[in-house]
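Participant: Got a structure here, written out as structure tokens. Questions coming.
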Amino acid sequence: MKWFIATVIALFLFSGAMPWLRRLGIGRLPGDFNFRLFGRDWSIPLTSTILLSLAAALIARML
């Protein structure tokens, strides 16, 4: 249950910070998919998610 809560919080933080992260290039890397479906823009940031996960793992390991 703790992992579910942590995942939901991370998703909210990531979606809220997405405009700022796009300025840094996160969400526009090769392997990140953006498309329009049913009149709405959808984003599947696969490569960005992997890079952010690796960065978080490295920071957690250093602490």
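Going through the structure tokens in order, the chains are called A, B, and so on, while each chain numbers its residues from 1 and the ligands are numbered from 1 in the order shown.
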Taking only chain A into account, list the residues labelled strand (DSSP E) by DSSP (computed from the backbone), as a ChimeraX atom specification.
Facilitator: /A:32-37,40-45
Participant: Those residues with C-alpha atoms, as a PDB file, in the first residue's frame please?
Facilitator:
```pdb
ATOM      1  CA  ASP A  32       8.919   9.798 -25.492  1.00  0.00           C
ATOM      2  CA  PHE A  33       5.605   9.577 -27.312  1.00  0.00           C
ATOM      3  CA  ASN A  34       3.231  12.522 -27.774  1.00  0.00           C
ATOM      4  CA  PHE A  35      -0.004  12.159 -29.696  1.00  0.00           C
ATOM      5  CA  ARG A  36      -3.510  13.584 -29.993  1.00  0.00           C
ATOM      6  CA  LEU A  37      -6.463  11.280 -29.380  1.00  0.00           C
ATOM      7  CA  ARG A  40      -6.746  15.687 -26.176  1.00  0.00           C
ATOM      8  CA  ASP A  41      -2.948  15.655 -26.137  1.00  0.00           C
ATOM      9  CA  TRP A  42      -1.460  12.538 -24.564  1.00  0.00           C
ATOM     10  CA  SER A  43       2.137  12.025 -23.499  1.00  0.00           C
ATOM     11  CA  ILE A  44       3.936   8.760 -22.711  1.00  0.00           C
ATOM     12  CA  PRO A  45       7.439   9.751 -21.547  1.00  0.00           C
TER      13      PRO A  45
END
```
Participant: Write out as number ranges by chain all residues of chain A that DSSP puts in helix (DSSP H, G or I) for this structure's backbone.
Facilitator: A: 2-23, 46-62
Participant: Write to file, as a compact mmCIF listing (two decimals), in the first residue's frame, the residues of the selection just made, with C-alpha atoms.
Facilitator:
```txt
# COMPACT_ATOMS: atom_id res chain seq x y z
CA LYS A 2 2.90 2.36 0.72
CA TRP A 3 4.25 1.90 -2.83
CA PHE A 4 0.86 2.80 -4.28
CA ILE A 5 0.69 6.02 -2.28
CA ALA A 6 4.27 6.89 -3.24
CA THR A 7 3.51 6.25 -6.91
CA VAL A 8 0.40 8.45 -6.86
CA ILE A 9 2.30 11.28 -5.15
CA ALA A 10 5.16 10.96 -7.66
CA LEU A 11 2.70 11.09 -10.58
CA PHE A 12 1.09 14.26 -9.22
CA LEU A 13 4.47 15.89 -8.69
CA PHE A 14 5.72 14.84 -12.13
CA SER A 15 2.60 16.08 -13.92
CA GLY A 16 2.70 19.37 -12.02
CA ALA A 17 6.37 19.89 -12.82
CA MET A 18 6.04 18.82 -16.46
CA PRO A 19 5.99 22.37 -17.95
CA TRP A 20 9.22 23.18 -16.10
CA LEU A 21 10.77 19.83 -17.00
CA ARG A 22 9.93 20.31 -20.70
CA ARG A 23 12.13 23.40 -20.70
CA LEU A 46 9.17 6.34 -21.56
CA THR A 47 12.77 7.49 -21.95
CA SER A 48 12.33 10.41 -19.56
CA THR A 49 10.85 8.10 -16.93
CA ILE A 50 13.80 5.73 -17.21
CA LEU A 51 16.32 8.58 -16.94
CA LEU A 52 14.55 10.14 -13.95
CA SER A 53 14.34 6.72 -12.25
CA LEU A 54 18.06 6.14 -12.75
CA ALA A 55 18.84 9.60 -11.36
CA ALA A 56 16.62 8.98 -8.32
CA ALA A 57 18.26 5.58 -7.74
CA LEU A 58 21.74 7.12 -7.92
CA ILE A 59 20.78 9.87 -5.47
CA ALA A 60 19.21 7.33 -3.09
CA ARG A 61 22.32 5.13 -3.27
CA MET A 62 24.59 8.09 -2.47
```
